[in-house]
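Participant: Here it is: the structure, laid out below.
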Number of protein chains: 2
Amino acid sequence: MLVRTFVPAHITAFFVPRFHDDPLRAGSLGAGVNLDKGVNVFASIETGTLERHIHVAFNGEPVERKRAIISYSVADELVPDDFIGEVEIWQYFDFPNGHGFGNSAGGALGTALALSYAFGGTWLKAAQVAHRHEVLNRGGLGDVVGQLAGGIEVRVKAGGPGVGVVDNLFFEDYRVLVVPLGRLSTREVLDGDIVDAIEREGREALEKLLLEPGPERMMILAREFAEKTGLLSGELLELARELDKVISTPSSMIMLGRGLFALLREDEVENAITLLSDLNLPYDVTGIHEGRPKVGRWVG
Amino acid sequence: MLVRTFVPAHITAFFVPRFHDDPLRAGSLGAGVNLDKGVNVFASIETGTLERHIHVAFNGEPVERKRAIISYSVADELVPDDFIGEVEIWQYFDFPNGHGFGNSAGGALGTALALSYAFGGTWLKAAQVAHRHEVLNRGGLGDVVGQLAGGIEVRVKAGGPGVGVVDNLFFEDYRVLVVPLGRLSTREVLDGDIVDAIEREGREALEKLLLEPGPERMMILAREFAEKTGLLSGELLELARELDKVISTPSSMIMLGRGLFALLREDEVENAITLLSDLNLPYDVTGIHEGRPKVGRWVG
């Protein structure tokens, strides 16, 4: 049996981390955007072997357990104890790892949904397993619930699936520009002195957004958050300012990666692309993924 | 400005009502199916008049306030107090009112989403307004959260949007057969002696479904619920038994309407249709609506 899932890439615009000993109560407040590119997971389940094997591969290359600890943990939990056979989890990422696109959560959630579909389970339980291993392994706090909500989401109560509450903004046709320039360790940022500023500015951004909800407002608040916390500075801030000259809604920083994103109207795409091409920088332009991740039997 | 929303028809398979003085804490436990037919709402908002007017129409016919109290209440709350102009809410129903398809919730949610889209708001707040007026006017307890979840949903914690928790079952390609034969007053059933049996059997069905989640299991449990509560009896039960002879998963009763529904495999559709045609009964065959209701600007 072959099951395919698609989980959107999730970019956080601003956030407030909420740590908790119970991983289902840990999470984040904040807002973010889901893209129509992300993570495709193919789970192949075959019986007929003499032993139980679980393998994970990233972009076609097998990865050892310690490099994919979250996905292996999800699979260990969701493949029944008495299952004898071969489980292969093939994860394909549209964006690079560690750049703030929610790849680890996408891989975990895609794996959990595919295995729950195959072995019997529900959406909520699958999502809770993915969230728990994300939190325990410090992959992220809010990506799983953000990806489940789809669209442009606002985390109004922190927590995992079934505990946290996620709202959605209404929006019209936007294209999302992403400029992924490098990695940023979520772990290092959250362990650093900056956490106080993140909490203060994140809470303020959320309050302001809920008073006047809308995608453009979200971007303005995201940018304020990025600058006031000091996360967006130096060359990256210079680039954001260059970009803002050719688009109407402020660009902001991908939380957490060394990169930028922006909401573009159709007629702004060309100017933005021209600028980035002239600067010889990597970029992508995608749509917004509305609704849930996709799960289904794959007839390849 | 013209906004269109689509909210799926929602059929409850089994349920446990949960009453509460706070309407956001009132709701139901249970399970149900969302159809790809339902309620289309077109909200037309025009300024330039001297007064503020709100009109609601069902299937093209204007309806007075007392016959559409839920939708009028939603509109009164979501059209800003200082708005001067004409708001017309055109609701079109694919299924008859009062037959258990969640029309009142669909109209309320569609209206709330359309007006929130037009006047500024969010998905969650719109859904909470719809749920609150549904509950206050005793339109229903679980339809709004069921319709928001889409697919085949399981209400695992009762309450309105942001309070209740809704899970989803995985499913493969089913067609949904519906046989709407008449009205049944939710209000009368919930006021009657049968409520104790509904609570007992509904809770048992939910527990059993969560132990072994799946659409076919849900139908078996729905049928047990319908018969054990005494809601399904007499001619309707006879018809369910006739239907079961030509399909593989048990049919059950639409909660709450005088009618039946069933999940069909593609190759079972013809036999079911032949039977119902021979009996000269009304029926429809639809798909399952996955994901959220649809909202967007309408360029007609």
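Quick note on naming: the chains in the structure tokens go A, B, ... in the order shown, residues restart at 1 in each chain, and ligands are numbered from 1 in order of appearance.
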Near Gly164 in chain B, counting only C-alpha atoms, which residues have an atom at most 9 Å away, once you skip same-chain residues fewer than 5 positions from it, shown as a count of residues only?

Facilitator: 13

Participant: Return as a Markdown table the residues of chain B lying at most 7 Å from chain A, together with the closest atom-to-atom pair for each and the distance in Å to one decimal, counting only C-alpha atoms, with rows in chain order and ascending residue number.

Facilitator:
```
| residue | atom | partner | partner_atom | distance |
| --- | --- | --- | --- | --- |
| B:Tyr117 | CA | A:Phe170 | CA | 6.0 |
| B:Gly120 | CA | A:Pro213 | CA | 6.8 |
| B:Gly121 | CA | A:Pro213 | CA | 6.2 |
| B:Thr122 | CA | A:Leu169 | CA | 5.2 |
| B:Trp123 | CA | A:Asn168 | CA | 5.3 |
| B:Leu124 | CA | A:Asp167 | CA | 5.2 |
| B:Gly162 | CA | A:Val165 | CA | 5.7 |
| B:Val165 | CA | A:Gly162 | CA | 5.7 |
| B:Asp167 | CA | A:Leu124 | CA | 5.2 |
| B:Asn168 | CA | A:Trp123 | CA | 5.3 |
| B:Leu169 | CA | A:Thr122 | CA | 5.2 |
| B:Phe170 | CA | A:Tyr117 | CA | 6.0 |
| B:Pro213 | CA | A:Gly121 | CA | 6.2 |
| B:Gly291 | CA | A:Gly291 | CA | 5.6 |
| B:Arg292 | CA | A:Gly291 | CA | 6.1 |
```

Participant: If we count only C-alpha atoms and set the cut-off at 12 Å, which residues sit around Glu266 in chain B, ignoring sequence neighbours fewer than 3 positions away in its own chain? Please answer as a PDB file with N, CA, C and O atoms, in the first residue's frame.

Facilitator:
```pdb
ATOM      1  N   GLU B 172     -11.929   6.804   1.925  1.00  0.00           N
ATOM      2  CA  GLU B 172     -11.643   6.739   0.492  1.00  0.00           C
ATOM      3  C   GLU B 172     -12.889   7.172  -0.265  1.00  0.00           C
ATOM      4  O   GLU B 172     -13.797   7.739   0.313  1.00  0.00           O
ATOM      5  N   ASP B 173     -12.931   6.926  -1.543  1.00  0.00           N
ATOM      6  CA  ASP B 173     -14.034   7.445  -2.352  1.00  0.00           C
ATOM      7  C   ASP B 173     -15.369   6.823  -1.993  1.00  0.00           C
ATOM      8  O   ASP B 173     -15.617   5.658  -2.299  1.00  0.00           O
ATOM      9  N   TYR B 174     -16.217   7.611  -1.399  1.00  0.00           N
ATOM     10  CA  TYR B 174     -17.601   7.212  -1.176  1.00  0.00           C
ATOM     11  C   TYR B 174     -18.512   8.183  -1.895  1.00  0.00           C
ATOM     12  O   TYR B 174     -18.214   9.366  -2.021  1.00  0.00           O
ATOM     13  N   ARG B 175     -19.670   7.678  -2.304  1.00  0.00           N
ATOM     14  CA  ARG B 175     -20.774   8.546  -2.681  1.00  0.00           C
ATOM     15  C   ARG B 175     -21.742   8.502  -1.504  1.00  0.00           C
ATOM     16  O   ARG B 175     -21.805   7.494  -0.798  1.00  0.00           O
ATOM     17  N   VAL B 176     -22.445   9.581  -1.273  1.00  0.00           N
ATOM     18  CA  VAL B 176     -23.416   9.599  -0.181  1.00  0.00           C
ATOM     19  C   VAL B 176     -24.821   9.599  -0.779  1.00  0.00           C
ATOM     20  O   VAL B 176     -25.155  10.457  -1.597  1.00  0.00           O
ATOM     21  N   LEU B 177     -25.589   8.600  -0.407  1.00  0.00           N
ATOM     22  CA  LEU B 177     -26.991   8.521  -0.812  1.00  0.00           C
ATOM     23  C   LEU B 177     -27.838   9.185   0.266  1.00  0.00           C
ATOM     24  O   LEU B 177     -27.653   8.881   1.453  1.00  0.00           O
ATOM     25  N   ILE B 247     -26.757  -2.753  -0.680  1.00  0.00           N
ATOM     26  CA  ILE B 247     -25.493  -2.053  -0.426  1.00  0.00           C
ATOM     27  C   ILE B 247     -24.717  -2.771   0.673  1.00  0.00           C
ATOM     28  O   ILE B 247     -25.272  -3.596   1.388  1.00  0.00           O
ATOM     29  N   SER B 248     -23.417  -2.440   0.809  1.00  0.00           N
ATOM     30  CA  SER B 248     -22.581  -3.237   1.705  1.00  0.00           C
ATOM     31  C   SER B 248     -22.444  -2.661   3.115  1.00  0.00           C
ATOM     32  O   SER B 248     -22.205  -3.389   4.069  1.00  0.00           O
ATOM     33  N   LEU B 263     -23.468   5.395   2.888  1.00  0.00           N
ATOM     34  CA  LEU B 263     -22.219   5.557   2.137  1.00  0.00           C
ATOM     35  C   LEU B 263     -22.170   4.462   1.073  1.00  0.00           C
ATOM     36  O   LEU B 263     -22.274   3.277   1.400  1.00  0.00           O
ATOM     37  N   VAL B 269     -24.003   2.316  -6.510  1.00  0.00           N
ATOM     38  CA  VAL B 269     -24.909   3.437  -6.749  1.00  0.00           C
ATOM     39  C   VAL B 269     -26.119   3.002  -7.584  1.00  0.00           C
ATOM     40  O   VAL B 269     -27.264   3.293  -7.242  1.00  0.00           O
ATOM     41  N   GLU B 270     -25.846   2.253  -8.645  1.00  0.00           N
ATOM     42  CA  GLU B 270     -26.937   1.920  -9.565  1.00  0.00           C
ATOM     43  C   GLU B 270     -28.040   1.105  -8.882  1.00  0.00           C
ATOM     44  O   GLU B 270     -29.230   1.405  -9.029  1.00  0.00           O
ATOM     45  N   ASN B 271     -27.642   0.093  -8.120  1.00  0.00           N
ATOM     46  CA  ASN B 271     -28.641  -0.736  -7.440  1.00  0.00           C
ATOM     47  C   ASN B 271     -29.484   0.066  -6.456  1.00  0.00           C
ATOM     48  O   ASN B 271     -30.704  -0.126  -6.365  1.00  0.00           O
ATOM     49  N   ALA B 272     -28.805   0.954  -5.725  1.00  0.00           N
ATOM     50  CA  ALA B 272     -29.531   1.762  -4.741  1.00  0.00           C
ATOM     51  C   ALA B 272     -30.533   2.677  -5.432  1.00  0.00           C
ATOM     52  O   ALA B 272     -31.691   2.806  -5.014  1.00  0.00           O
ATOM     53  N   ILE B 273     -30.080   3.303  -6.507  1.00  0.00           N
ATOM     54  CA  ILE B 273     -30.956   4.213  -7.259  1.00  0.00           C
ATOM     55  C   ILE B 273     -32.144   3.465  -7.857  1.00  0.00           C
ATOM     56  O   ILE B 273     -33.286   3.956  -7.827  1.00  0.00           O
ATOM     57  N   VAL B 285     -27.690  11.583  -4.803  1.00  0.00           N
ATOM     58  CA  VAL B 285     -26.387  10.969  -4.575  1.00  0.00           C
ATOM     59  C   VAL B 285     -25.335  12.061  -4.753  1.00  0.00           C
ATOM     60  O   VAL B 285     -25.287  12.705  -5.799  1.00  0.00           O
ATOM     61  N   THR B 286     -24.535  12.304  -3.709  1.00  0.00           N
ATOM     62  CA  THR B 286     -23.552  13.388  -3.767  1.00  0.00           C
ATOM     63  C   THR B 286     -22.193  12.885  -3.314  1.00  0.00           C
ATOM     64  O   THR B 286     -22.063  11.749  -2.846  1.00  0.00           O
ATOM     65  N   GLY B 287     -21.199  13.749  -3.443  1.00  0.00           N
ATOM     66  CA  GLY B 287     -19.882  13.433  -2.901  1.00  0.00           C
ATOM     67  C   GLY B 287     -19.745  13.988  -1.495  1.00  0.00           C
ATOM     68  O   GLY B 287     -20.668  14.615  -0.964  1.00  0.00           O
TER      69      GLY B 287
END
```

Participant: Which of these, B:Pro282, B:Gly38, B:Pro215, B:Gly140, has the shortest distance to Pro180 in chain B once you count only C-alpha atoms?

Facilitator: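 Checking each candidate against Pro180 in chain B, we get B:Pro282 as the closest.
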
Participant: Quick check for you: according to DSSP on this backbone, which residues of range 39-163 of chain A are classed as strand (DSSP E)? Reply as a PyMOL selection string.

Facilitator: chain A and resi 39-46+52-58+61-63+85-93+152-157

Participant: Using only C-alpha atoms, can you tell me which of A:Asp76, A:Glu61, A:Asp21, A:Asp94 comes closest to Val7 in chain A?

Facilitator: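 With only C-alpha atoms as the atom set, the closest residue is A:Asp94.
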
Participant: I need the residue nearest Leu184 in chain A from this list: A:Ile69, A:Leu281, A:Leu2, A:Leu256. Use only C-alpha atoms for the distance.

Facilitator: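 That would be A:Leu256, the residue with the smallest distance to Leu184 in chain A.
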
Participant: What's around Val16 in chain B at 10 Å? Count only C-alpha atoms, leave out sequence neighbours fewer than 3 positions away in its own chain, and write the answer as a PDB file with N, CA, C and O atoms, in the first residue's frame.

Facilitator:
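So result22.pdb came out as:
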```pdb
ATOM      1  N   PHE B  19     -26.094  20.789  26.566  1.00  0.00           N
ATOM      2  CA  PHE B  19     -26.692  22.107  26.783  1.00  0.00           C
ATOM      3  C   PHE B  19     -25.826  22.896  27.763  1.00  0.00           C
ATOM      4  O   PHE B  19     -25.170  22.326  28.623  1.00  0.00           O
ATOM      5  N   GLY B  27     -23.204  22.557  22.695  1.00  0.00           N
ATOM      6  CA  GLY B  27     -22.814  21.909  21.453  1.00  0.00           C
ATOM      7  C   GLY B  27     -23.236  20.459  21.497  1.00  0.00           C
ATOM      8  O   GLY B  27     -24.193  20.099  22.188  1.00  0.00           O
ATOM      9  N   SER B  28     -22.506  19.626  20.776  1.00  0.00           N
ATOM     10  CA  SER B  28     -22.830  18.204  20.830  1.00  0.00           C
ATOM     11  C   SER B  28     -21.588  17.374  20.583  1.00  0.00           C
ATOM     12  O   SER B  28     -20.601  17.837  20.010  1.00  0.00           O
ATOM     13  N   LEU B  29     -21.635  16.157  21.065  1.00  0.00           N
ATOM     14  CA  LEU B  29     -20.673  15.131  20.688  1.00  0.00           C
ATOM     15  C   LEU B  29     -21.334  14.325  19.576  1.00  0.00           C
ATOM     16  O   LEU B  29     -22.558  14.275  19.491  1.00  0.00           O
ATOM     17  N   GLY B  30     -20.533  13.633  18.778  1.00  0.00           N
ATOM     18  CA  GLY B  30     -21.159  12.804  17.760  1.00  0.00           C
ATOM     19  C   GLY B  30     -20.340  12.751  16.493  1.00  0.00           C
ATOM     20  O   GLY B  30     -19.153  13.104  16.489  1.00  0.00           O
ATOM     21  N   ALA B  31     -20.975  12.307  15.432  1.00  0.00           N
ATOM     22  CA  ALA B  31     -20.280  12.172  14.160  1.00  0.00           C
ATOM     23  C   ALA B  31     -21.225  12.522  13.028  1.00  0.00           C
ATOM     24  O   ALA B  31     -22.448  12.433  13.178  1.00  0.00           O
ATOM     25  N   LEU B 141     -27.095  22.206  17.430  1.00  0.00           N
ATOM     26  CA  LEU B 141     -26.006  22.290  18.403  1.00  0.00           C
ATOM     27  C   LEU B 141     -24.641  22.000  17.788  1.00  0.00           C
ATOM     28  O   LEU B 141     -23.629  22.529  18.229  1.00  0.00           O
ATOM     29  N   GLY B 142     -24.604  21.123  16.794  1.00  0.00           N
ATOM     30  CA  GLY B 142     -23.313  20.661  16.293  1.00  0.00           C
ATOM     31  C   GLY B 142     -23.073  20.905  14.817  1.00  0.00           C
ATOM     32  O   GLY B 142     -22.005  20.577  14.308  1.00  0.00           O
ATOM     33  N   ARG B 155     -17.204  14.837  16.572  1.00  0.00           N
ATOM     34  CA  ARG B 155     -17.129  15.855  17.614  1.00  0.00           C
ATOM     35  C   ARG B 155     -16.721  15.189  18.922  1.00  0.00           C
ATOM     36  O   ARG B 155     -17.520  14.482  19.529  1.00  0.00           O
ATOM     37  N   ALA B 158     -17.525  18.733  23.126  1.00  0.00           N
ATOM     38  CA  ALA B 158     -18.662  19.571  22.731  1.00  0.00           C
ATOM     39  C   ALA B 158     -18.347  21.053  22.895  1.00  0.00           C
ATOM     40  O   ALA B 158     -17.552  21.443  23.747  1.00  0.00           O
ATOM     41  N   VAL B 195     -34.505  11.846  25.209  1.00  0.00           N
ATOM     42  CA  VAL B 195     -33.183  12.452  25.383  1.00  0.00           C
ATOM     43  C   VAL B 195     -32.233  11.561  26.195  1.00  0.00           C
ATOM     44  O   VAL B 195     -31.042  11.454  25.886  1.00  0.00           O
ATOM     45  N   ASP B 196     -32.762  10.898  27.208  1.00  0.00           N
ATOM     46  CA  ASP B 196     -31.909  10.019  28.012  1.00  0.00           C
ATOM     47  C   ASP B 196     -31.308   8.906  27.160  1.00  0.00           C
ATOM     48  O   ASP B 196     -30.117   8.598  27.272  1.00  0.00           O
ATOM     49  N   ALA B 197     -32.123   8.291  26.326  1.00  0.00           N
ATOM     50  CA  ALA B 197     -31.634   7.226  25.451  1.00  0.00           C
ATOM     51  C   ALA B 197     -30.611   7.768  24.456  1.00  0.00           C
ATOM     52  O   ALA B 197     -29.590   7.136  24.177  1.00  0.00           O
ATOM     53  N   ILE B 198     -30.878   8.965  23.943  1.00  0.00           N
ATOM     54  CA  ILE B 198     -29.933   9.582  22.998  1.00  0.00           C
ATOM     55  C   ILE B 198     -28.585   9.790  23.674  1.00  0.00           C
ATOM     56  O   ILE B 198     -27.534   9.472  23.101  1.00  0.00           O
ATOM     57  N   GLU B 199     -28.611  10.288  24.897  1.00  0.00           N
ATOM     58  CA  GLU B 199     -27.334  10.543  25.588  1.00  0.00           C
ATOM     59  C   GLU B 199     -26.567   9.247  25.837  1.00  0.00           C
ATOM     60  O   GLU B 199     -25.364   9.172  25.624  1.00  0.00           O
ATOM     61  N   ARG B 200     -27.278   8.228  26.276  1.00  0.00           N
ATOM     62  CA  ARG B 200     -26.634   6.958  26.589  1.00  0.00           C
ATOM     63  C   ARG B 200     -26.074   6.304  25.318  1.00  0.00           C
ATOM     64  O   ARG B 200     -24.905   5.929  25.257  1.00  0.00           O
ATOM     65  N   GLU B 201     -26.923   6.191  24.315  1.00  0.00           N
ATOM     66  CA  GLU B 201     -26.505   5.502  23.086  1.00  0.00           C
ATOM     67  C   GLU B 201     -25.487   6.324  22.292  1.00  0.00           C
ATOM     68  O   GLU B 201     -24.592   5.772  21.650  1.00  0.00           O
ATOM     69  N   GLY B 202     -25.647   7.637  22.341  1.00  0.00           N
ATOM     70  CA  GLY B 202     -24.718   8.509  21.624  1.00  0.00           C
ATOM     71  C   GLY B 202     -23.312   8.420  22.192  1.00  0.00           C
ATOM     72  O   GLY B 202     -22.321   8.328  21.468  1.00  0.00           O
ATOM     73  N   ARG B 203     -23.242   8.407  23.509  1.00  0.00           N
ATOM     74  CA  ARG B 203     -21.929   8.318  24.159  1.00  0.00           C
ATOM     75  C   ARG B 203     -21.273   6.978  23.852  1.00  0.00           C
ATOM     76  O   ARG B 203     -20.076   6.900  23.577  1.00  0.00           O
ATOM     77  N   GLU B 204     -22.094   5.932  23.877  1.00  0.00           N
ATOM     78  CA  GLU B 204     -21.542   4.605  23.596  1.00  0.00           C
ATOM     79  C   GLU B 204     -21.040   4.515  22.152  1.00  0.00           C
ATOM     80  O   GLU B 204     -19.963   3.970  21.887  1.00  0.00           O
ATOM     81  N   ALA B 205     -21.809   5.060  21.228  1.00  0.00           N
ATOM     82  CA  ALA B 205     -21.405   5.041  19.818  1.00  0.00           C
ATOM     83  C   ALA B 205     -20.081   5.786  19.636  1.00  0.00           C
ATOM     84  O   ALA B 205     -19.174   5.327  18.924  1.00  0.00           O
ATOM     85  N   LEU B 206     -19.955   6.934  20.306  1.00  0.00           N
ATOM     86  CA  LEU B 206     -18.730   7.728  20.176  1.00  0.00           C
ATOM     87  C   LEU B 206     -17.525   6.965  20.718  1.00  0.00           C
ATOM     88  O   LEU B 206     -16.460   6.907  20.079  1.00  0.00           O
TER      89      LEU B 206
END
```

Participant: Tell me, in Å to one decimal, how far CA of Phe119 in chain B is from CA of Thr47 in chain B.

Facilitator: 12.5 Å

Participant: Mind the document's chain letters and residue numbers, and return as a PyMOL selection string the residues of range 2-233 of chain A that DSSP labels alpha helix (DSSP H).

Facilitator: chain A and resi 69-78+103-119+123-136+143-149+186-191+195-211+215-228

Participant: One number please: CA of Pro250 in chain A to CA of Phe14 in chain A, in Å, one decimal.

Facilitator: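 Separating CA of Pro250 in chain A from CA of Phe14 in chain A is a distance of 13.8 Å.
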